[in-house]
Amino acid sequence: MTVQPELIGGDTRARVSELHATKELARHGPGERATRTQHAKGKLTARERIDLLLDAGSFAEVEQLRRHRAVGFGIEERKPHTDGVITGWGTVEGRTVFVYAHDFRIFGGALGEAHAEKIHKIMDMALAAGAPLVALNDGAGARIQEGVSALAGYGGIFRRNVRASGVIPQISVILGPCAGGAAYSPALTDFVFMVRGTSQMFITGPDVVKAVTGEDVTQERLGGADMHAELSGVSHFVYDDEWTCLSEVRCLLSLLPSNNQQNPPFARSADPADRRTEALSDLVPAEGRLPYDMRRVIEEIVDHGDFLEVHERWAPNILCGLARLGGQVIGVVANQPIALAGVLDIRASEKAARFVRLCDAFSIPLLSLVDVPGFLPGVDQEHGGVIRHGAKLLYAYCEATVPRVQLILRKAYGGAYIVMDSRSIGADLSYAWPTNEIAVMGAEGAANVIFRKQIAEAADPEAVRTRVVKDYRSELMHPYYAAERGLVDDVIDPAETRAVLARAFRMLRTKHAEQPSRKHANTPL
């Protein structure tokens, strides 16, 4: 908006009136028609999204009047205020949060030089203030008319994502298309939220895919929310609408510290820390081959049964999520017996490793619930690099300095037992139920290896096999074997699980561990 000549040198009231008119035009955006089109797609406008995310009336906008300076291909004829991205800060439950939101109504939310500079500024402010950053993504990628300047803008975003990683929480909310270079920033952040039917992420769109490979694919199938939640693992959370999605972002923020120098927010709980968990004895069958839902175990242990699961639909054989125990935020990693019997495989290892590293970065104590028969065997797993991917989880646990407590419910066999935060790799405390079986492998497999010759030569092989299996189990797999050797700190009554764990984490709250001096470690990737 150009200032009228008659206002230059005019009185202050006229200039203030002009200021309000200009800001109102910037807040209103490109017009009702563009807004109706956005709503018709089931999408909110950028400002409506910010209002849902932040506490009412808390948003403070920066660079609202910014406009691009590009020329060529007709772009100089359109110079709207905000340049297609709204940036600023506000509060979520009273704590400061920085935010930027693409406005799809302006240039399709595409990123240009001025647009990128606004994002750079708010990212720098978030890092300097030590507060979380939330990106509300709804844009068509780089602004083609601005060429390499737009691409350089993305580079600046990526560099800042990496600089802020592990320092402040970074959350990406995908609320529309996120294509090409735009998809990399969310991939660099801590959490990605998506909405079914309106969110898509891909490096190359359906038209390019068809031209290069001949494959005919829709945007939703190529990069929709469900695909990224189930197959690629790019999306951590998926919801049916934007209102629910943004409400859950607020929930997640309430469980995270503002930065890596603070602890997660403590919340007094009406759920007694010493509440008995009698139901656990019925939820978990003593017979190791029988399945059960580990989620129900977690819900019985944590405050009020509230468990925010991360990556719920990707690698379902392991559960990861955030909860509170005695008011203290904890991260939970648990084998899931109803999915692939709870084995560790490539995807489960990657999923858990990233979650463990996140918790360690932001001072979130870790609880590992173990019921694992081993690593998934098979040619595909070996050729796919299960050794390398399993090492990611092993490395993440070994490196973690936050309080770490292990609870073994039933079976814990072989390398998978070690990897699931055993005492030998640095767990602060290890507990077990009287149904635990900790061994190199199951009794049947072990007996078949050790006594292969005796079984083969016996007149009644099955009788010999039954006897040696029983002997092996009673000698090396009884519930107190690991406790007798100091690898388990205590064998506990399942009904006392919540009280024991709450007491352990309360004691470990002041834990301090030094890291060796080095530039950085060479993490298996």
# chains A, B, ... in the order shown; residues from 1 in each chain; ligands from 1

$ select_by_dssp --residues "segment 313-495 of chain A" --states "alpha helix (DSSP H)" --output "PDB file with C-alpha atoms, in the first residue's frame"
ATOM      1  CA  ILE A 346      15.061 -52.421  11.067  1.00  0.00           C
ATOM      2  CA  ARG A 347      12.131 -50.026  11.416  1.00  0.00           C
ATOM      3  CA  ALA A 348      11.632 -50.585  15.146  1.00  0.00           C
ATOM      4  CA  SER A 349      15.329 -49.927  15.764  1.00  0.00           C
ATOM      5  CA  GLU A 350      15.246 -46.676  13.805  1.00  0.00           C
ATOM      6  CA  LYS A 351      12.038 -45.509  15.446  1.00  0.00           C
ATOM      7  CA  ALA A 352      13.229 -46.161  18.982  1.00  0.00           C
ATOM      8  CA  ALA A 353      16.732 -44.797  18.366  1.00  0.00           C
ATOM      9  CA  ARG A 354      15.423 -41.429  17.174  1.00  0.00           C
ATOM     10  CA  PHE A 355      13.052 -41.235  20.137  1.00  0.00           C
ATOM     11  CA  VAL A 356      15.773 -42.097  22.667  1.00  0.00           C
ATOM     12  CA  ARG A 357      18.017 -39.392  21.205  1.00  0.00           C
ATOM     13  CA  LEU A 358      15.182 -36.861  21.363  1.00  0.00           C
ATOM     14  CA  CYS A 359      14.541 -37.634  25.030  1.00  0.00           C
ATOM     15  CA  ASP A 360      18.223 -37.417  25.852  1.00  0.00           C
ATOM     16  CA  ALA A 361      18.556 -34.074  24.049  1.00  0.00           C
ATOM     17  CA  VAL A 379      17.393 -62.589   4.531  1.00  0.00           C
ATOM     18  CA  ASP A 380      15.540 -59.303   3.962  1.00  0.00           C
ATOM     19  CA  GLN A 381      16.481 -58.037   7.403  1.00  0.00           C
ATOM     20  CA  GLU A 382      20.139 -58.997   7.071  1.00  0.00           C
ATOM     21  CA  HIS A 383      20.443 -57.605   3.555  1.00  0.00           C
ATOM     22  CA  VAL A 386      19.538 -54.868  10.542  1.00  0.00           C
ATOM     23  CA  ILE A 387      22.999 -54.894  12.155  1.00  0.00           C
ATOM     24  CA  ARG A 388      23.580 -51.259  11.197  1.00  0.00           C
ATOM     25  CA  HIS A 389      20.077 -50.155  12.149  1.00  0.00           C
ATOM     26  CA  GLY A 390      20.080 -52.134  15.394  1.00  0.00           C
ATOM     27  CA  ALA A 391      23.353 -50.406  16.239  1.00  0.00           C
ATOM     28  CA  LYS A 392      21.515 -47.070  16.056  1.00  0.00           C
ATOM     29  CA  LEU A 393      19.324 -48.035  18.991  1.00  0.00           C
ATOM     30  CA  LEU A 394      22.251 -49.520  20.899  1.00  0.00           C
ATOM     31  CA  TYR A 395      24.266 -46.355  20.317  1.00  0.00           C
ATOM     32  CA  ALA A 396      21.389 -44.069  21.320  1.00  0.00           C
ATOM     33  CA  TYR A 397      20.951 -45.816  24.666  1.00  0.00           C
ATOM     34  CA  CYS A 398      24.693 -46.013  25.374  1.00  0.00           C
ATOM     35  CA  GLU A 399      25.062 -42.291  24.671  1.00  0.00           C
ATOM     36  CA  GLY A 414      19.916 -62.346  23.310  1.00  0.00           C
ATOM     37  CA  GLY A 415      21.197 -59.145  21.779  1.00  0.00           C
ATOM     38  CA  ALA A 416      17.724 -57.620  21.916  1.00  0.00           C
ATOM     39  CA  TYR A 417      17.841 -57.807  25.722  1.00  0.00           C
ATOM     40  CA  ILE A 418      21.143 -55.950  25.742  1.00  0.00           C
ATOM     41  CA  VAL A 419      19.924 -53.313  23.279  1.00  0.00           C
ATOM     42  CA  ALA A 443      14.976 -72.635  26.592  1.00  0.00           C
ATOM     43  CA  GLU A 444      13.870 -74.802  23.662  1.00  0.00           C
ATOM     44  CA  GLY A 445      16.372 -73.263  21.261  1.00  0.00           C
ATOM     45  CA  ALA A 446      19.175 -73.350  23.799  1.00  0.00           C
ATOM     46  CA  ALA A 447      18.556 -77.005  24.667  1.00  0.00           C
ATOM     47  CA  ASN A 448      18.468 -77.981  20.997  1.00  0.00           C
ATOM     48  CA  VAL A 449      21.891 -76.419  20.520  1.00  0.00           C
ATOM     49  CA  ILE A 450      23.603 -77.588  23.701  1.00  0.00           C
ATOM     50  CA  ARG A 452      21.802 -81.738  20.063  1.00  0.00           C
ATOM     51  CA  LYS A 453      23.904 -84.908  20.139  1.00  0.00           C
ATOM     52  CA  GLN A 454      22.219 -86.405  23.233  1.00  0.00           C
ATOM     53  CA  ILE A 455      18.765 -85.755  21.791  1.00  0.00           C
ATOM     54  CA  ALA A 456      19.677 -87.266  18.419  1.00  0.00           C
ATOM     55  CA  GLU A 457      21.163 -90.418  19.987  1.00  0.00           C
ATOM     56  CA  PRO A 461      14.352 -87.928  21.695  1.00  0.00           C
ATOM     57  CA  GLU A 462      11.248 -86.019  22.778  1.00  0.00           C
ATOM     58  CA  ALA A 463      11.511 -87.195  26.367  1.00  0.00           C
ATOM     59  CA  VAL A 464      15.157 -86.161  26.485  1.00  0.00           C
ATOM     60  CA  ARG A 465      14.363 -82.824  24.863  1.00  0.00           C
ATOM     61  CA  THR A 466      11.595 -82.139  27.396  1.00  0.00           C
ATOM     62  CA  ARG A 467      13.909 -82.976  30.291  1.00  0.00           C
ATOM     63  CA  VAL A 468      16.860 -80.861  29.144  1.00  0.00           C
ATOM     64  CA  VAL A 469      14.597 -77.909  28.326  1.00  0.00           C
ATOM     65  CA  LYS A 470      13.223 -78.106  31.865  1.00  0.00           C
ATOM     66  CA  ASP A 471      16.732 -78.373  33.307  1.00  0.00           C
ATOM     67  CA  TYR A 472      18.002 -75.414  31.279  1.00  0.00           C
ATOM     68  CA  ARG A 473      15.055 -73.246  32.280  1.00  0.00           C
ATOM     69  CA  SER A 474      15.380 -74.068  35.989  1.00  0.00           C
ATOM     70  CA  GLU A 475      19.160 -73.586  35.976  1.00  0.00           C
ATOM     71  CA  LEU A 476      19.688 -70.493  33.784  1.00  0.00           C
ATOM     72  CA  TYR A 481      19.064 -65.582  37.891  1.00  0.00           C
ATOM     73  CA  ALA A 482      19.894 -62.054  36.688  1.00  0.00           C
ATOM     74  CA  ALA A 483      19.174 -60.539  40.111  1.00  0.00           C
ATOM     75  CA  GLU A 484      21.638 -62.941  41.733  1.00  0.00           C
TER      76      GLU A 484
END

$ residues_around --residues "Val333 of chain A" --least-positions-apart "2" --cutoff "9 Å" --atoms "only C-alpha atoms" --output "number ranges by chain"
A: 318-321, 331, 335, 352, 355-356, 366-370, 420

$ write_last_selection --atoms "C-alpha atoms" --output "CSV table (one decimal), in the first residue's frame"
chain,number,residue,atom,x,y,z
A,318,ILE,CA,7.8,-51.1,19.4
A,319,LEU,CA,6.0,-48.3,21.2
A,320,CYS,CA,7.4,-44.8,21.9
A,321,GLY,CA,5.7,-41.9,23.5
A,331,GLY,CA,9.7,-41.1,27.6
A,335,ASN,CA,8.2,-53.8,23.0
A,352,ALA,CA,13.2,-46.2,19.0
A,355,PHE,CA,13.1,-41.2,20.1
A,356,VAL,CA,15.8,-42.1,22.7
A,366,LEU,CA,13.6,-42.9,29.8
A,367,LEU,CA,11.5,-45.9,30.9
A,368,SER,CA,12.1,-49.1,28.9
A,369,LEU,CA,9.5,-51.9,29.2
A,370,VAL,CA,11.0,-55.1,27.9
A,420,MET,CA,16.7,-52.6,25.3

$ residues_around --residues "Arg276 of chain A" --least-positions-apart "5" --cutoff "9 Å" --atoms "only C-alpha atoms" --output "list in words"
Pro494, Ala495, Glu496, Thr497, Arg498 and Ala499 of chain A

$ write_last_selection --atoms "N, CA and C atoms" --output "PDB file, in the first residue's frame"
ATOM      1  N   PRO A 494       4.220 -57.039  40.360  1.00  0.00           N
ATOM      2  CA  PRO A 494       3.624 -56.163  39.349  1.00  0.00           C
ATOM      3  C   PRO A 494       2.699 -55.098  39.936  1.00  0.00           C
ATOM      4  N   ALA A 495       2.041 -55.421  41.045  1.00  0.00           N
ATOM      5  CA  ALA A 495       1.126 -54.459  41.660  1.00  0.00           C
ATOM      6  C   ALA A 495       1.865 -53.246  42.227  1.00  0.00           C
ATOM      7  N   GLU A 496       3.173 -53.357  42.430  1.00  0.00           N
ATOM      8  CA  GLU A 496       3.960 -52.254  42.978  1.00  0.00           C
ATOM      9  C   GLU A 496       4.723 -51.491  41.895  1.00  0.00           C
ATOM     10  N   THR A 497       4.445 -51.806  40.646  1.00  0.00           N
ATOM     11  CA  THR A 497       5.236 -51.256  39.540  1.00  0.00           C
ATOM     12  C   THR A 497       5.230 -49.734  39.518  1.00  0.00           C
ATOM     13  N   ARG A 498       4.071 -49.126  39.565  1.00  0.00           N
ATOM     14  CA  ARG A 498       4.003 -47.659  39.484  1.00  0.00           C
ATOM     15  C   ARG A 498       4.769 -47.020  40.641  1.00  0.00           C
ATOM     16  N   ALA A 499       4.555 -47.522  41.836  1.00  0.00           N
ATOM     17  CA  ALA A 499       5.212 -46.939  43.005  1.00  0.00           C
ATOM     18  C   ALA A 499       6.733 -47.066  42.915  1.00  0.00           C
TER      19      ALA A 499
END

$ closest_atom_pairs --of "segment 16-111 of chain A" --to "segment 166-178 of chain A" --cutoff "9 Å" --atoms "only C-alpha atoms" --output "Markdown table"
| residue | atom | partner | partner_atom | distance |
| --- | --- | --- | --- | --- |
| A:Lys43 | CA | A:Leu175 | CA | 7.5 |
| A:Leu44 | CA | A:Leu175 | CA | 8.7 |
| A:Phe104 | CA | A:Gly176 | CA | 8.4 |

$ closest_residue --among "A:Leu256, A:Val405, A:Leu231, A:Ala182" --to "Ala504 of chain A" --atoms "only C-alpha atoms"
A:Val405

$ residues_around --residues "Leu222 of chain A" --least-positions-apart "5" --cutoff "12 Å" --atoms "only C-alpha atoms" --output "list in words"
Pro177, Ala179, Ser199, Gln200, Met201, Phe202, Ile203, Thr204, Gly205, Pro206, Asp207, Val208, Val209, Lys210, Glu215, Asp216, Val217, Met227, His228, Leu231 and Ser232 of chain A

$ residues_around --residues "Gly42 of chain A" --least-positions-apart "2" --cutoff "10 Å" --atoms "only C-alpha atoms" --output "ChimeraX atom specification"
/A:36-40,44,197-198,241-242

$ write_last_selection --atoms "N, CA and C atoms" --output "PDB file, in the first residue's frame"
ATOM      1  N   ARG A  36     -12.364 -17.911   0.957  1.00  0.00           N
ATOM      2  CA  ARG A  36     -13.408 -18.911   0.689  1.00  0.00           C
ATOM      3  C   ARG A  36     -12.826 -20.128  -0.020  1.00  0.00           C
ATOM      4  N   THR A  37     -11.889 -19.917  -0.928  1.00  0.00           N
ATOM      5  CA  THR A  37     -11.255 -21.024  -1.635  1.00  0.00           C
ATOM      6  C   THR A  37     -10.469 -21.899  -0.659  1.00  0.00           C
ATOM      7  N   GLN A  38      -9.755 -21.257   0.276  1.00  0.00           N
ATOM      8  CA  GLN A  38      -9.003 -21.990   1.287  1.00  0.00           C
ATOM      9  C   GLN A  38      -9.949 -22.817   2.154  1.00  0.00           C
ATOM     10  N   HIS A  39     -11.031 -22.222   2.598  1.00  0.00           N
ATOM     11  CA  HIS A  39     -12.001 -22.937   3.441  1.00  0.00           C
ATOM     12  C   HIS A  39     -12.675 -24.067   2.679  1.00  0.00           C
ATOM     13  N   ALA A  40     -12.907 -23.875   1.395  1.00  0.00           N
ATOM     14  CA  ALA A  40     -13.568 -24.907   0.581  1.00  0.00           C
ATOM     15  C   ALA A  40     -12.735 -26.176   0.489  1.00  0.00           C
ATOM     16  N   LEU A  44      -7.867 -24.088   7.024  1.00  0.00           N
ATOM     17  CA  LEU A  44      -7.960 -22.796   7.684  1.00  0.00           C
ATOM     18  C   LEU A  44      -6.941 -21.833   7.074  1.00  0.00           C
ATOM     19  N   GLY A 197      -5.985 -36.036   3.958  1.00  0.00           N
ATOM     20  CA  GLY A 197      -6.736 -35.433   2.867  1.00  0.00           C
ATOM     21  C   GLY A 197      -6.230 -34.094   2.397  1.00  0.00           C
ATOM     22  N   THR A 198      -5.494 -33.358   3.249  1.00  0.00           N
ATOM     23  CA  THR A 198      -5.019 -32.031   2.844  1.00  0.00           C
ATOM     24  C   THR A 198      -3.504 -31.884   2.908  1.00  0.00           C
ATOM     25  N   ASP A 241      -8.471 -33.625  11.125  1.00  0.00           N
ATOM     26  CA  ASP A 241      -8.777 -32.222  10.854  1.00  0.00           C
ATOM     27  C   ASP A 241      -7.751 -31.326  11.523  1.00  0.00           C
ATOM     28  N   GLU A 242      -7.711 -30.075  11.097  1.00  0.00           N
ATOM     29  CA  GLU A 242      -6.710 -29.134  11.591  1.00  0.00           C
ATOM     30  C   GLU A 242      -6.943 -28.756  13.053  1.00  0.00           C
TER      31      GLU A 242
END

$ residues_around --residues "Gln336 of chain A" --least-positions-apart "4" --cutoff "9 Å" --atoms "only C-alpha atoms" --output "ChimeraX atom specification"
/A:291-295,316-319,340-343,370-372

$ atom_distance --atom1 "atom CA of Pro479 of chain A" --atom2 "atom CA of Ala412 of chain A"
11.5 Å

$ closest_residue --among "A:Ser247, A:Ser254, A:Ser422, A:Asn260" --to "Arg95 of chain A" --atoms "only C-alpha atoms"
A:Ser254

$ select_by_dssp --residues "segment 109-181 of chain A" --states "strand (DSSP E or B)" --output "JSON, numbers by chain"
{"A": [111, 133, 134, 135, 136, 137, 138, 139, 142, 170, 171, 172, 173, 174, 175, 176, 177, 178, 179]}

$ decode --residues "segment 147-190 of chain A" --atoms "N, CA and C atoms" --output "mmCIF file, in the first residue's frame"
data_model
loop_
_atom_site.group_PDB
_atom_site.id
_atom_site.type_symbol
_atom_site.label_atom_id
_atom_site.label_comp_id
_atom_site.auth_asym_id
_atom_site.auth_seq_id
_atom_site.Cartn_x
_atom_site.Cartn_y
_atom_site.Cartn_z
ATOM 1 N N GLY A 147 13.953 -17.471 -8.782
ATOM 2 C CA GLY A 147 15.098 -18.292 -9.129
ATOM 3 C C GLY A 147 15.948 -18.731 -7.950
ATOM 4 N N VAL A 148 17.266 -18.600 -8.104
ATOM 5 C CA VAL A 148 18.200 -19.140 -7.134
ATOM 6 C C VAL A 148 18.117 -18.422 -5.784
ATOM 7 N N SER A 149 17.615 -17.203 -5.766
ATOM 8 C CA SER A 149 17.451 -16.490 -4.495
ATOM 9 C C SER A 149 16.503 -17.237 -3.574
ATOM 10 N N ALA A 150 15.460 -17.843 -4.167
ATOM 11 C CA ALA A 150 14.516 -18.629 -3.372
ATOM 12 C C ALA A 150 15.191 -19.892 -2.848
ATOM 13 N N LEU A 151 15.993 -20.532 -3.688
ATOM 14 C CA LEU A 151 16.682 -21.744 -3.254
ATOM 15 C C LEU A 151 17.654 -21.446 -2.118
ATOM 16 N N ALA A 152 18.341 -20.326 -2.202
ATOM 17 C CA ALA A 152 19.261 -19.940 -1.135
ATOM 18 C C ALA A 152 18.506 -19.706 0.166
ATOM 19 N N GLY A 153 17.269 -19.215 0.045
ATOM 20 C CA GLY A 153 16.432 -19.033 1.230
ATOM 21 C C GLY A 153 16.171 -20.338 1.940
ATOM 22 N N TYR A 154 15.924 -21.393 1.184
ATOM 23 C CA TYR A 154 15.747 -22.718 1.794
ATOM 24 C C TYR A 154 17.015 -23.175 2.495
ATOM 25 N N GLY A 155 18.155 -22.922 1.863
ATOM 26 C CA GLY A 155 19.417 -23.309 2.481
ATOM 27 C C GLY A 155 19.587 -22.670 3.852
ATOM 28 N N GLY A 156 19.199 -21.406 3.966
ATOM 29 C CA GLY A 156 19.291 -20.723 5.247
ATOM 30 C C GLY A 156 18.384 -21.334 6.303
ATOM 31 N N ILE A 157 17.213 -21.816 5.883
ATOM 32 C CA ILE A 157 16.295 -22.482 6.809
ATOM 33 C C ILE A 157 16.895 -23.795 7.288
ATOM 34 N N PHE A 158 17.417 -24.585 6.348
ATOM 35 C CA PHE A 158 17.986 -25.891 6.713
ATOM 36 C C PHE A 158 19.154 -25.726 7.693
ATOM 37 N N ARG A 159 20.005 -24.752 7.418
ATOM 38 C CA ARG A 159 21.168 -24.534 8.285
ATOM 39 C C ARG A 159 20.715 -24.178 9.698
ATOM 40 N N ARG A 160 19.677 -23.386 9.804
ATOM 41 C CA ARG A 160 19.156 -23.001 11.118
ATOM 42 C C ARG A 160 18.448 -24.167 11.805
ATOM 43 N N ASN A 161 17.759 -25.015 11.026
ATOM 44 C CA ASN A 161 17.160 -26.219 11.611
ATOM 45 C C ASN A 161 18.222 -27.061 12.310
ATOM 46 N N VAL A 162 19.347 -27.229 11.648
ATOM 47 C CA VAL A 162 20.421 -28.061 12.204
ATOM 48 C C VAL A 162 21.054 -27.383 13.416
ATOM 49 N N ARG A 163 21.259 -26.075 13.342
ATOM 50 C CA ARG A 163 21.851 -25.352 14.466
ATOM 51 C C ARG A 163 20.961 -25.437 15.711
ATOM 52 N N ALA A 164 19.654 -25.421 15.507
ATOM 53 C CA ALA A 164 18.715 -25.453 16.637
ATOM 54 C C ALA A 164 18.419 -26.867 17.123
ATOM 55 N N SER A 165 18.827 -27.878 16.354
ATOM 56 C CA SER A 165 18.509 -29.257 16.704
ATOM 57 C C SER A 165 19.113 -29.631 18.057
ATOM 58 N N GLY A 166 18.284 -30.159 18.946
ATOM 59 C CA GLY A 166 18.743 -30.531 20.265
ATOM 60 C C GLY A 166 18.906 -29.363 21.208
ATOM 61 N N VAL A 167 18.611 -28.149 20.752
ATOM 62 C CA VAL A 167 18.701 -26.951 21.589
ATOM 63 C C VAL A 167 17.310 -26.459 21.955
ATOM 64 N N ILE A 168 16.444 -26.324 20.946
ATOM 65 C CA ILE A 168 15.038 -25.991 21.185
ATOM 66 C C ILE A 168 14.175 -27.003 20.448
ATOM 67 N N PRO A 169 12.997 -27.326 20.967
ATOM 68 C CA PRO A 169 12.095 -28.210 20.223
ATOM 69 C C PRO A 169 11.648 -27.543 18.924
ATOM 70 N N GLN A 170 11.659 -28.309 17.841
ATOM 71 C CA GLN A 170 11.196 -27.830 16.546
ATOM 72 C C GLN A 170 10.084 -28.748 16.056
ATOM 73 N N ILE A 171 8.933 -28.168 15.769
ATOM 74 C CA ILE A 171 7.764 -28.938 15.369
ATOM 75 C C ILE A 171 7.277 -28.429 14.016
ATOM 76 N N SER A 172 7.088 -29.346 13.078
ATOM 77 C CA SER A 172 6.559 -28.999 11.759
ATOM 78 C C SER A 172 5.143 -29.544 11.626
ATOM 79 N N VAL A 173 4.223 -28.673 11.228
ATOM 80 C CA VAL A 173 2.832 -29.067 11.026
ATOM 81 C C VAL A 173 2.525 -28.891 9.545
ATOM 82 N N ILE A 174 2.258 -29.999 8.862
ATOM 83 C CA ILE A 174 2.011 -29.961 7.419
ATOM 84 C C ILE A 174 0.500 -29.832 7.208
ATOM 85 N N LEU A 175 0.098 -28.690 6.636
ATOM 86 C CA LEU A 175 -1.332 -28.382 6.506
ATOM 87 C C LEU A 175 -1.728 -28.116 5.066
ATOM 88 N N GLY A 176 -0.914 -28.588 4.140
ATOM 89 C CA GLY A 176 -1.161 -28.413 2.719
ATOM 90 C C GLY A 176 -0.020 -29.067 1.969
ATOM 91 N N PRO A 177 0.263 -28.629 0.752
ATOM 92 C CA PRO A 177 1.379 -29.221 0.013
ATOM 93 C C PRO A 177 2.721 -28.815 0.604
ATOM 94 N N CYS A 178 3.675 -29.709 0.540
ATOM 95 C CA CYS A 178 5.041 -29.444 1.011
ATOM 96 C C CYS A 178 5.951 -30.212 0.065
ATOM 97 N N ALA A 179 6.370 -29.536 -1.011
ATOM 98 C CA ALA A 179 7.031 -30.237 -2.101
ATOM 99 C C ALA A 179 8.456 -29.745 -2.312
ATOM 100 N N GLY A 180 9.253 -30.612 -2.938
ATOM 101 C CA GLY A 180 10.616 -30.258 -3.288
ATOM 102 C C GLY A 180 11.456 -29.960 -2.068
ATOM 103 N N GLY A 181 12.251 -28.880 -2.156
ATOM 104 C CA GLY A 181 13.127 -28.503 -1.066
ATOM 105 C C GLY A 181 12.378 -28.205 0.215
ATOM 106 N N ALA A 182 11.116 -27.807 0.114
ATOM 107 C CA ALA A 182 10.327 -27.473 1.296
ATOM 108 C C ALA A 182 10.149 -28.672 2.211
ATOM 109 N N ALA A 183 10.255 -29.887 1.676
ATOM 110 C CA ALA A 183 10.037 -31.088 2.484
ATOM 111 C C ALA A 183 11.218 -31.393 3.401
ATOM 112 N N TYR A 184 12.373 -30.822 3.112
ATOM 113 C CA TYR A 184 13.552 -31.166 3.907
ATOM 114 C C TYR A 184 13.557 -30.504 5.277
ATOM 115 N N SER A 185 13.024 -29.294 5.383
ATOM 116 C CA SER A 185 13.001 -28.645 6.700
ATOM 117 C C SER A 185 12.191 -29.458 7.703
ATOM 118 N N PRO A 186 10.971 -29.903 7.389
ATOM 119 C CA PRO A 186 10.251 -30.757 8.332
ATOM 120 C C PRO A 186 11.033 -32.015 8.705
ATOM 121 N N ALA A 187 11.727 -32.596 7.727
ATOM 122 C CA ALA A 187 12.485 -33.818 8.000
ATOM 123 C C ALA A 187 13.631 -33.570 8.968
ATOM 124 N N LEU A 188 14.074 -32.326 9.105
ATOM 125 C CA LEU A 188 15.159 -31.982 10.015
ATOM 126 C C LEU A 188 14.657 -31.633 11.411
ATOM 127 N N THR A 189 13.342 -31.496 11.570
ATOM 128 C CA THR A 189 12.798 -31.074 12.861
ATOM 129 C C THR A 189 12.480 -32.282 13.733
ATOM 130 N N ASP A 190 12.058 -32.028 14.972
ATOM 131 C CA ASP A 190 11.855 -33.099 15.941
ATOM 132 C C ASP A 190 10.575 -33.879 15.715
#
